[in-house]
$ cat entry_28.cif   # mmCIF, C-alpha atoms and all ligand atoms
data_query
#
loop_
_atom_site.label_atom_id
_atom_site.label_comp_id
_atom_site.auth_asym_id
_atom_site.auth_seq_id
_atom_site.Cartn_x
_atom_site.Cartn_y
_atom_site.Cartn_z
CA MET A 1 94.28 121.85 89.03
CA THR A 2 93.95 118.10 88.56
CA GLN A 3 96.08 116.13 90.99
CA VAL A 4 97.13 112.48 90.67
CA THR A 5 94.33 111.57 93.08
CA LYS A 6 91.46 113.18 94.95
CA THR A 7 90.43 112.10 98.42
CA TYR A 8 86.95 110.59 98.50
CA LEU A 9 84.79 112.21 101.16
CA PRO A 10 81.44 110.64 102.12
CA ASP A 11 78.09 112.33 102.67
CA PRO A 12 78.83 114.77 105.53
CA GLU A 13 75.42 114.11 107.16
CA LYS A 14 76.24 110.46 107.41
CA TYR A 15 79.67 111.15 108.90
CA LYS A 16 78.04 113.56 111.38
CA ARG A 17 75.72 110.83 112.64
CA TYR A 18 78.78 108.78 113.64
CA ILE A 19 80.36 111.87 115.22
CA ASP A 20 77.18 112.50 117.21
CA ALA A 21 77.36 108.92 118.51
CA ILE A 22 81.00 109.46 119.54
CA PHE A 23 80.04 112.65 121.42
CA ALA A 24 77.15 110.85 123.09
CA SER A 25 79.30 107.97 124.32
CA GLY A 26 82.45 109.99 125.00
CA TRP A 27 84.52 107.01 123.72
CA VAL A 28 87.07 108.52 121.31
CA THR A 29 89.91 106.00 121.15
CA ASN A 30 91.34 102.79 122.76
CA ASN A 31 89.68 99.99 120.79
CA GLY A 32 86.29 101.72 120.67
CA PRO A 33 83.05 100.35 119.23
CA LEU A 34 83.58 101.92 115.78
CA VAL A 35 87.08 100.47 115.46
CA ARG A 36 85.70 97.05 116.35
CA GLU A 37 82.77 97.45 113.95
CA LEU A 38 85.09 98.49 111.13
CA GLU A 39 87.41 95.54 111.80
CA ALA A 40 84.50 93.08 111.60
CA ARG A 41 83.10 94.70 108.46
CA LEU A 42 86.49 94.78 106.73
CA GLU A 43 87.13 91.11 107.58
CA ALA A 44 83.81 90.25 105.90
CA TYR A 45 84.30 92.64 102.96
CA LEU A 46 87.83 91.43 102.21
CA GLY A 47 87.17 87.78 103.06
CA VAL A 48 90.04 87.51 105.58
CA LYS A 49 90.25 85.88 109.01
CA HIS A 50 91.84 88.59 111.18
CA LEU A 51 92.16 92.28 110.43
CA ILE A 52 93.76 94.54 113.05
CA LEU A 53 93.37 98.29 112.55
CA VAL A 54 96.33 100.55 113.31
CA SER A 55 97.25 104.22 112.93
CA SER A 56 98.94 104.02 109.49
CA GLY A 57 100.25 101.70 106.82
CA THR A 58 103.76 102.36 108.08
CA ALA A 59 102.72 101.43 111.63
CA ALA A 60 101.19 98.22 110.23
CA LEU A 61 104.57 97.27 108.71
CA GLU A 62 106.41 98.08 111.94
CA VAL A 63 103.97 96.10 114.10
CA ALA A 64 104.26 93.19 111.66
CA TYR A 65 108.07 93.12 111.89
CA ARG A 66 107.90 93.25 115.67
CA VAL A 67 105.26 90.56 116.22
CA LEU A 68 107.14 88.24 113.86
CA GLY A 69 110.37 88.93 115.75
CA LEU A 70 112.35 89.80 112.62
CA LYS A 71 116.04 90.47 112.98
CA GLY A 72 119.15 90.94 110.82
CA GLU A 73 118.51 91.26 107.11
CA VAL A 74 115.24 91.53 105.25
CA ILE A 75 114.96 91.13 101.49
CA THR A 76 112.73 93.75 99.92
CA THR A 77 112.02 95.60 96.70
CA PRO A 78 113.69 98.87 95.67
CA PHE A 79 110.60 99.83 93.65
CA SER A 80 108.10 101.06 96.25
CA PHE A 81 107.07 103.95 98.43
CA VAL A 82 109.88 104.92 100.81
CA ALA A 83 108.04 103.54 103.88
CA THR A 84 108.65 99.94 102.80
CA THR A 85 112.38 100.42 103.30
CA SER A 86 112.47 103.15 105.96
CA SER A 87 110.18 101.13 108.28
CA LEU A 88 112.74 98.31 108.22
CA MET A 89 115.66 100.57 109.04
CA ALA A 90 113.73 102.42 111.76
CA ASN A 91 113.33 99.02 113.45
CA GLY A 92 117.00 98.06 113.22
CA LEU A 93 116.55 95.75 110.22
CA ALA A 94 118.90 95.88 107.24
CA PRO A 95 117.15 96.06 103.86
CA ARG A 96 118.70 93.83 101.21
CA PHE A 97 117.28 94.72 97.82
CA ALA A 98 116.30 92.18 95.21
CA ASP A 99 115.69 93.75 91.80
CA ILE A 100 112.32 93.74 90.08
CA ASP A 101 110.71 92.10 87.10
CA PRO A 102 110.45 95.16 84.79
CA ARG A 103 107.19 93.90 83.30
CA SER A 104 105.20 93.26 86.49
CA PHE A 105 107.10 95.96 88.50
CA ASN A 106 107.19 93.45 91.41
CA ILE A 107 110.17 91.87 93.16
CA ASP A 108 111.72 89.06 91.09
CA PRO A 109 111.80 85.74 93.00
CA GLU A 110 115.02 84.70 91.21
CA ARG A 111 116.73 87.80 92.58
CA ILE A 112 115.40 87.04 96.08
CA LEU A 113 117.25 83.70 96.02
CA GLU A 114 120.54 85.47 95.24
CA ARG A 115 120.17 87.74 98.27
CA ILE A 116 119.56 85.12 100.96
CA SER A 117 122.30 84.96 103.61
CA PRO A 118 122.58 83.37 107.08
CA GLU A 119 121.38 86.73 108.48
CA THR A 120 118.16 86.83 106.44
CA SER A 121 114.98 86.60 108.53
CA ALA A 122 112.25 87.67 106.13
CA ILE A 123 111.04 88.87 102.73
CA VAL A 124 108.98 92.06 102.39
CA PRO A 125 107.57 92.22 98.85
CA VAL A 126 105.06 94.82 97.60
CA HIS A 127 102.04 94.14 95.36
CA VAL A 128 102.93 97.18 93.28
CA PHE A 129 99.85 99.14 92.11
CA GLY A 130 97.70 96.24 93.31
CA ASN A 131 99.36 93.73 90.94
CA GLY A 132 99.74 90.41 92.76
CA CYS A 133 103.33 89.25 93.28
CA ASP A 134 104.48 85.77 92.31
CA VAL A 135 103.15 84.61 95.70
CA GLU A 136 103.63 80.93 94.82
CA ALA A 137 107.38 81.27 94.13
CA ILE A 138 107.89 83.61 97.10
CA GLY A 139 106.01 81.19 99.39
CA GLU A 140 108.19 78.30 98.22
CA ILE A 141 111.42 80.24 98.80
CA ALA A 142 110.24 81.25 102.27
CA ARG A 143 109.38 77.66 103.22
CA ALA A 144 112.63 76.26 101.86
CA HIS A 145 114.76 78.81 103.74
CA GLY A 146 112.69 79.26 106.90
CA LEU A 147 111.90 82.93 106.19
CA LYS A 148 108.88 85.00 107.22
CA VAL A 149 106.94 86.94 104.58
CA VAL A 150 105.26 90.31 105.15
CA TYR A 151 103.45 91.61 102.08
CA ASP A 152 103.23 95.39 101.89
CA ALA A 153 99.74 95.32 100.38
CA ALA A 154 99.16 99.07 100.68
CA HIS A 155 97.87 99.10 97.07
CA ALA A 156 96.06 95.77 97.12
CA PHE A 157 92.83 96.56 98.98
CA GLY A 158 90.11 94.17 97.78
CA VAL A 159 92.25 92.36 95.19
CA ARG A 160 91.36 88.67 94.80
CA CYS A 161 93.44 86.07 92.98
CA GLY A 162 92.21 82.62 92.02
CA GLY A 163 89.02 83.24 94.01
CA LYS A 164 90.66 84.22 97.31
CA SER A 165 91.96 87.40 98.87
CA LEU A 166 95.50 88.28 97.82
CA LEU A 167 95.96 89.38 101.46
CA GLU A 168 95.85 85.73 102.62
CA HIS A 169 99.39 85.12 101.36
CA GLY A 170 102.44 85.45 103.58
CA ASP A 171 102.52 85.49 107.38
CA ILE A 172 101.06 89.00 107.47
CA SER A 173 99.83 91.46 104.86
CA THR A 174 99.66 95.17 105.63
CA LEU A 175 97.26 97.79 104.27
CA SER A 176 97.40 101.59 104.23
CA PHE A 177 94.23 103.61 104.73
CA HIS A 178 95.84 106.97 104.07
CA ALA A 179 93.60 109.59 102.42
CA THR A 180 95.29 109.03 99.04
CA LYS A 181 94.43 105.32 98.90
CA ILE A 182 91.28 103.83 97.36
CA PHE A 183 89.78 103.03 100.76
CA HIS A 184 90.79 105.36 103.57
CA THR A 185 90.28 106.43 107.18
CA VAL A 186 92.13 109.80 106.72
CA GLU A 187 95.22 108.21 108.32
CA GLY A 188 95.22 104.52 109.14
CA GLY A 189 96.22 101.03 108.20
CA ALA A 190 95.75 97.38 109.08
CA LEU A 191 97.45 94.03 109.50
CA VAL A 192 95.84 90.97 107.95
CA THR A 193 96.69 87.43 109.04
CA ASP A 194 95.04 84.07 109.38
CA ASP A 195 97.24 83.13 112.35
CA ASP A 196 95.28 83.46 115.63
CA GLU A 197 98.39 83.96 117.76
CA LEU A 198 99.90 86.66 115.52
CA ALA A 199 96.56 88.47 115.45
CA GLN A 200 96.38 88.40 119.24
CA LYS A 201 99.95 89.68 119.55
CA ALA A 202 99.31 92.50 117.08
CA ARG A 203 96.25 93.57 119.10
CA PHE A 204 98.19 94.16 122.27
CA PHE A 205 101.35 95.27 120.51
CA ARG A 206 99.50 98.27 118.98
CA ASN A 207 98.46 99.25 122.53
CA PHE A 208 101.90 99.57 124.23
CA GLY A 209 102.11 95.79 124.65
CA ILE A 210 99.34 95.93 127.24
CA GLN A 211 97.26 92.75 127.35
CA GLY A 212 95.12 93.54 130.38
CA PRO A 213 94.94 96.00 133.30
CA GLU A 214 97.83 94.25 135.08
CA SER A 215 99.60 92.50 132.22
CA ILE A 216 102.21 94.01 129.86
CA PRO A 217 103.77 90.92 128.28
CA ALA A 218 105.35 92.57 125.23
CA LEU A 219 107.40 95.62 124.26
CA GLY A 220 104.74 97.47 122.27
CA VAL A 221 104.11 100.83 120.67
CA ASN A 222 101.18 103.21 120.34
CA ALA A 223 99.68 102.43 116.94
CA LYS A 224 95.97 102.70 117.75
CA MET A 225 93.31 103.93 115.35
CA ASN A 226 90.79 106.36 116.85
CA GLU A 227 86.98 106.47 116.57
CA PHE A 228 86.87 109.50 114.25
CA GLU A 229 89.07 107.65 111.75
CA ALA A 230 87.04 104.45 112.05
CA ALA A 231 83.84 106.48 111.40
CA MET A 232 85.36 107.68 108.10
CA GLY A 233 86.13 104.08 107.15
CA LEU A 234 82.59 102.92 107.97
CA CYS A 235 81.16 105.66 105.72
CA LEU A 236 83.52 104.81 102.86
CA LEU A 237 82.93 101.08 103.03
CA ASP A 238 79.25 101.62 102.11
CA ASP A 239 80.35 103.63 99.09
CA MET A 240 83.03 101.22 97.80
CA PRO A 241 80.89 99.81 94.93
CA ALA A 242 80.35 103.34 93.55
CA ILE A 243 84.00 104.31 94.13
CA LEU A 244 85.23 101.23 92.27
CA ASP A 245 82.73 101.73 89.41
CA GLY A 246 83.90 105.31 88.94
CA ARG A 247 87.55 104.28 89.01
CA GLN A 248 86.98 101.41 86.60
CA ARG A 249 85.39 103.78 84.07
CA VAL A 250 88.37 106.17 84.23
CA TYR A 251 90.89 103.32 84.18
CA GLU A 252 89.34 101.74 81.10
CA ARG A 253 89.23 105.04 79.20
CA TYR A 254 92.98 105.43 79.79
CA ARG A 255 93.66 101.83 78.84
CA ASP A 256 91.64 101.99 75.62
CA ALA A 257 93.31 105.25 74.58
CA LEU A 258 96.90 104.44 75.55
CA GLU A 259 97.26 100.71 74.91
CA GLY A 260 100.13 100.25 72.45
CA VAL A 261 101.07 103.94 72.79
CA VAL A 262 102.98 103.61 76.08
CA GLN A 263 104.23 100.61 78.05
CA MET A 264 101.85 99.35 80.73
CA GLN A 265 102.19 97.06 83.72
CA ALA A 266 101.85 93.33 82.95
CA ARG A 267 99.21 92.15 85.41
CA ARG A 268 98.70 88.70 86.90
CA GLY A 269 95.93 87.15 84.85
CA ASP A 270 94.13 85.46 87.75
CA CYS A 271 93.67 88.58 89.91
CA THR A 272 90.90 91.16 90.02
CA ARG A 273 91.81 94.84 89.73
CA ASN A 274 91.08 97.61 92.18
CA TYR A 275 92.00 100.47 89.80
CA SER A 276 94.30 102.03 92.38
CA HIS A 277 96.75 103.62 89.91
CA PHE A 278 97.26 104.16 86.20
CA PRO A 279 101.01 103.90 85.60
CA VAL A 280 102.52 104.50 82.17
CA VAL A 281 106.14 103.90 81.15
CA PHE A 282 107.94 105.98 78.53
CA GLU A 283 110.96 105.22 76.35
CA SER A 284 113.28 107.47 78.32
CA GLU A 285 113.37 109.96 81.18
CA ALA A 286 113.64 112.76 78.59
CA VAL A 287 110.26 111.75 77.14
CA LEU A 288 108.79 111.50 80.65
CA LYS A 289 109.97 115.02 81.46
CA ARG A 290 108.46 116.31 78.22
CA VAL A 291 105.10 114.69 79.03
CA GLU A 292 105.23 115.91 82.63
CA ALA A 293 105.93 119.52 81.54
CA ALA A 294 103.13 119.41 78.97
CA LEU A 295 100.69 118.16 81.64
CA HIS A 296 101.78 120.83 84.10
CA ALA A 297 101.17 123.42 81.40
CA VAL A 298 97.48 122.37 81.29
CA ASP A 299 97.15 122.31 85.11
CA VAL A 300 97.48 118.54 85.49
CA VAL A 301 99.82 117.11 88.11
CA PRO A 302 100.80 113.47 87.56
CA ARG A 303 103.16 111.82 90.06
CA ARG A 304 106.40 109.98 89.57
CA TYR A 305 105.44 106.82 91.48
CA PHE A 306 107.94 105.52 92.37
CA TYR A 307 110.87 107.85 92.10
CA PRO A 308 113.63 107.70 93.12
CA SER A 309 114.35 103.98 93.23
CA LEU A 310 114.89 103.21 96.94
CA ASP A 311 118.39 101.80 96.38
CA THR A 312 119.48 105.39 95.64
CA LEU A 313 118.55 106.66 99.12
CA GLU A 314 121.52 108.28 100.83
CA TYR A 315 121.09 106.16 103.94
CA ILE A 316 121.52 102.87 102.07
CA VAL A 317 125.18 102.16 102.86
CA PRO A 318 127.03 100.51 101.32
CA PRO A 319 125.11 101.11 98.08
CA GLN A 320 123.19 98.24 96.43
CA PRO A 321 122.60 99.48 92.88
CA MET A 322 119.43 98.00 91.36
CA GLU A 323 119.61 98.52 87.64
CA LEU A 324 116.11 97.44 86.59
CA SER A 325 114.31 99.34 89.34
CA ARG A 326 116.28 102.49 88.53
CA ARG A 327 115.58 102.17 84.85
CA LEU A 328 111.83 101.80 85.52
CA SER A 329 111.58 104.55 88.11
CA GLU A 330 113.20 107.05 85.74
CA ARG A 331 110.55 106.41 83.11
CA ILE A 332 107.28 105.83 84.98
CA LEU A 333 104.45 108.25 85.66
CA CYS A 334 101.08 107.72 87.35
CA LEU A 335 98.27 109.60 85.61
CA PRO A 336 95.45 111.22 87.63
CA LEU A 337 92.90 108.59 88.64
CA HIS A 338 89.95 108.88 90.97
CA ASP A 339 86.29 107.96 90.86
CA ARG A 340 84.98 111.37 89.72
CA LEU A 341 87.65 112.41 87.22
CA ASP A 342 85.84 114.53 84.64
CA ALA A 343 85.72 112.90 81.18
CA LYS A 344 86.72 116.15 79.43
CA ILE A 345 89.73 116.60 81.69
CA GLN A 346 90.69 112.99 81.09
CA GLU A 347 90.47 113.53 77.32
CA LYS A 348 92.77 116.52 77.71
CA ILE A 349 95.24 114.39 79.70
CA ILE A 350 95.18 111.63 77.08
CA ALA A 351 95.61 114.13 74.20
CA THR A 352 98.47 115.86 76.00
CA VAL A 353 100.31 112.59 76.68
CA THR A 354 99.81 111.33 73.13
CA SER A 355 100.87 114.56 71.45
CA SER A 356 104.03 114.99 73.53
CA LEU A 357 105.49 111.58 72.69
C1 LIG B 401 101.09 104.49 101.21
C2 LIG B 401 102.09 103.41 101.30
C3 LIG B 401 102.69 103.06 102.53
C4 LIG B 401 102.54 103.89 103.77
O1 LIG B 401 101.26 103.99 104.26
P1 LIG B 401 100.92 105.18 105.29
O2 LIG B 401 99.51 104.85 105.68
O3 LIG B 401 101.02 106.46 104.52
O4 LIG B 401 101.86 105.09 106.43
C5 LIG B 401 103.55 101.96 102.56
N1 LIG B 401 103.82 101.26 101.44
C6 LIG B 401 103.27 101.58 100.24
C7 LIG B 401 103.61 100.73 99.06
C8 LIG B 401 102.42 102.68 100.13
O5 LIG B 401 101.92 103.01 98.93
#
$ encode --input "entry_28.cif" --output "structure tokens" --more "lines below"
Ligand SMILES: *Cc1c(COP(=O)(O)O)cnc(C)c1O
Amino acid sequence: MTQVTKTYLPDPEKYKRYIDAIFASGWVTNNGPLVRELEARLEAYLGVKHLILVSSGTAALEVAYRVLGLKGEVITTPFSFVATTSSLMANGLAPRFADIDPRSFNIDPERILERISPETSAIVPVHVFGNGCDVEAIGEIARAHGLKVVYDAAHAFGVRCGGKSLLEHGDISTLSFHATKIFHTVEGGALVTDDDELAQKARFFRNFGIQGPESIPALGVNAKMNEFEAAMGLCLLDDMPAILDGRQRVYERYRDALEGVVQMQARRGDCTRNYSHFPVVFESEAVLKRVEAALHAVDVVPRRYFYPSLDTLEYIVPPQPMELSRRLSERILCLPLHDRLDAKIQEKIIATVTSSL
């Protein structure tokens, strides 16, 4: 069976050497040496000032909202993974959706403007499938209206735009290092910021708000990454060039075969790609269902990222119908993409998609 993605696992001998070191030291969690090493290496790899590791991408969002002191309403996109919205609500924040640009799949800055109210404290956009948002327009809106910006950059690991990391935009960007993402620590995530004070706050916020043995200045949570997870990240970081090469090969085969056959995401021209997903958009949901059934019949499991559109969640009351996001989410499918996808299987996927249109 070919799934939409396949978790990359490093050389087990290499991972075992890290595990042996953990057993030798007995230090398994609480800001251990491997967590600190991975933070430093990721800061250098991504070209960012501060990177704070946490236990998941969702925890990264929640810590970000808390250290920025968000309250009231937050403008966000309905076209994302559920955690973007549910993390807001779990922290007492009211999501206010702004519809998307159906070509880029990202939140539309014009729609953001229409949603600003006296209660608005922040904007939480998503760089969907690693495609950079209109960070210039969003930054201008935020400055003009005194709003914070947290980018959910769960898909944007390593993406650079105009020569700098996409993660440098906004007050904080968050990453997910879940096993299904291109770089992972089994479960994990990170906050990225260039603000020294926010970085410091995030560091003690992830540890119950404890700053020192006798100082608990903030209301924190437990969002720590452990040493076993950091060891996985250290192994994967060495292998990133090979992982990205493999993904690029698969991505380009899809693109060459399907360009003009199905609708694809319009990408920002000045950004690099990380080949995180291969989304394709069909004419209608009926066509999507036909393609999906045909793929299932040959043991291939694509995923409907993202479906349903988050404005349709039962707990969004009163409803905020988002027409463009709904129309996209009904018609979009992510095809299997990982660094070792077999060329023959990929040909079968391409042939199946093409012949069921
Ligand atoms: C994966 C993902 C998350 C959640 O990350 P976890 O590490 O699974 O908590 C949040 N937002 C987006 C856009 C994601 O794809």
$ residues_near_ligand --input "entry_28.cif" --ligand "ligand LIG 401 (chain B)" --cutoff "6 Å" --atoms "all atoms listed in the file" --output "PDB file with C-alpha atoms, in the coordinates of the input"
ATOM      1  CA  SER A  56      98.940 104.020 109.490  1.00  0.00           C
ATOM      2  CA  GLY A  57     100.250 101.700 106.820  1.00  0.00           C
ATOM      3  CA  THR A  58     103.760 102.360 108.080  1.00  0.00           C
ATOM      4  CA  SER A  80     108.100 101.060  96.250  1.00  0.00           C
ATOM      5  CA  PHE A  81     107.070 103.950  98.430  1.00  0.00           C
ATOM      6  CA  ALA A  83     108.040 103.540 103.880  1.00  0.00           C
ATOM      7  CA  THR A  84     108.650  99.940 102.800  1.00  0.00           C
ATOM      8  CA  ASP A 152     103.230  95.390 101.890  1.00  0.00           C
ATOM      9  CA  ALA A 154      99.160  99.070 100.680  1.00  0.00           C
ATOM     10  CA  HIS A 155      97.870  99.100  97.070  1.00  0.00           C
ATOM     11  CA  SER A 176      97.400 101.590 104.230  1.00  0.00           C
ATOM     12  CA  PHE A 177      94.230 103.610 104.730  1.00  0.00           C
ATOM     13  CA  HIS A 178      95.840 106.970 104.070  1.00  0.00           C
ATOM     14  CA  GLY A 188      95.220 104.520 109.140  1.00  0.00           C
ATOM     15  CA  GLY A 189      96.220 101.030 108.200  1.00  0.00           C
TER      16      GLY A 189
END
$ residues_around --input "entry_28.cif" --residues "region 322-339 of chain A" --least-positions-apart "3" --cutoff "9 Å" --atoms "all atoms listed in the file" --output "short mmCIF file (atom, residue, chain, number, x, y, z; two decimals) with C-alpha atoms, in the coordinates of the input"
data_model
loop_
_atom_site.label_atom_id
_atom_site.label_comp_id
_atom_site.auth_asym_id
_atom_site.auth_seq_id
_atom_site.Cartn_x
_atom_site.Cartn_y
_atom_site.Cartn_z
CA THR A 2 93.95 118.10 88.56
CA GLN A 3 96.08 116.13 90.99
CA VAL A 4 97.13 112.48 90.67
CA THR A 5 94.33 111.57 93.08
CA LYS A 6 91.46 113.18 94.95
CA THR A 7 90.43 112.10 98.42
CA TYR A 8 86.95 110.59 98.50
CA THR A 77 112.02 95.60 96.70
CA PRO A 78 113.69 98.87 95.67
CA PHE A 79 110.60 99.83 93.65
CA PHE A 97 117.28 94.72 97.82
CA ALA A 98 116.30 92.18 95.21
CA ASP A 99 115.69 93.75 91.80
CA ILE A 100 112.32 93.74 90.08
CA ASP A 101 110.71 92.10 87.10
CA PRO A 102 110.45 95.16 84.79
CA PHE A 105 107.10 95.96 88.50
CA ILE A 182 91.28 103.83 97.36
CA ALA A 242 80.35 103.34 93.55
CA ILE A 243 84.00 104.31 94.13
CA LEU A 244 85.23 101.23 92.27
CA ASP A 245 82.73 101.73 89.41
CA GLY A 246 83.90 105.31 88.94
CA ARG A 247 87.55 104.28 89.01
CA GLN A 248 86.98 101.41 86.60
CA ARG A 249 85.39 103.78 84.07
CA VAL A 250 88.37 106.17 84.23
CA TYR A 251 90.89 103.32 84.18
CA TYR A 254 92.98 105.43 79.79
CA TYR A 275 92.00 100.47 89.80
CA SER A 276 94.30 102.03 92.38
CA HIS A 277 96.75 103.62 89.91
CA PHE A 278 97.26 104.16 86.20
CA PRO A 279 101.01 103.90 85.60
CA VAL A 280 102.52 104.50 82.17
CA VAL A 281 106.14 103.90 81.15
CA PHE A 282 107.94 105.98 78.53
CA GLU A 283 110.96 105.22 76.35
CA SER A 284 113.28 107.47 78.32
CA GLU A 285 113.37 109.96 81.18
CA ALA A 286 113.64 112.76 78.59
CA VAL A 287 110.26 111.75 77.14
CA LEU A 288 108.79 111.50 80.65
CA LYS A 289 109.97 115.02 81.46
CA GLU A 292 105.23 115.91 82.63
CA VAL A 300 97.48 118.54 85.49
CA VAL A 301 99.82 117.11 88.11
CA PRO A 302 100.80 113.47 87.56
CA ARG A 303 103.16 111.82 90.06
CA ARG A 304 106.40 109.98 89.57
CA TYR A 305 105.44 106.82 91.48
CA PHE A 306 107.94 105.52 92.37
CA TYR A 307 110.87 107.85 92.10
CA PRO A 308 113.63 107.70 93.12
CA SER A 309 114.35 103.98 93.23
CA LEU A 310 114.89 103.21 96.94
CA ASP A 311 118.39 101.80 96.38
CA THR A 312 119.48 105.39 95.64
CA GLN A 346 90.69 112.99 81.09
CA ILE A 349 95.24 114.39 79.70
#
$ residues_near_point --input "entry_28.cif" --point "(89.0, 105.0, 109.7)" --cutoff "6 Å" --atoms "only C-alpha atoms" --output "MDAnalysis selection string"
chainID A and resid 185 229:233
$ closest_residue --input "entry_28.cif" --among "A:Gln265, A:Thr85, A:Thr272, A:Thr120" --to "Gly146 (chain A)" --atoms "all atoms listed in the file"
A:Thr120
$ atom_distance --input "entry_28.cif" --atom1 "CA of Leu236 (chain A)" --atom2 "CA of Gly162 (chain A)"
26.2 Å
$ closest_residue --input "entry_28.cif" --among "A:His50, A:Ser121, A:Ser87, A:Arg66" --to "Asp195 (chain A)" --atoms "only C-alpha atoms"
A:His50
$ atom_distance --input "entry_28.cif" --atom1 "CA of Val28 (chain A)" --atom2 "CA of Lys224 (chain A)"
11.2 Å
$ axis_aligned_box --input "entry_28.cif" --around "region 312-315 of chain A" --padding-each-side "3 Å" --output "AutoDock Vina command-line options"
--center_x 120.0 --center_y 106.8 --center_z 99.8 --size_x 9.0 --size_y 8.9 --size_z 14.3
$ residues_near_point --input "entry_28.cif" --point "(106.1, 91.8, 115.5)" --cutoff "9 Å" --atoms "all atoms listed in the file" --output "PyMOL selection string"
chain A and resi 61-70+198+201-202+205+220
$ residues_around --input "entry_28.cif" --residues "Gly32 (chain A)" --least-positions-apart "6" --cutoff "10 Å" --atoms "all atoms listed in the file" --output "PyMOL selection string"
chain A and resi 22+225-227+230
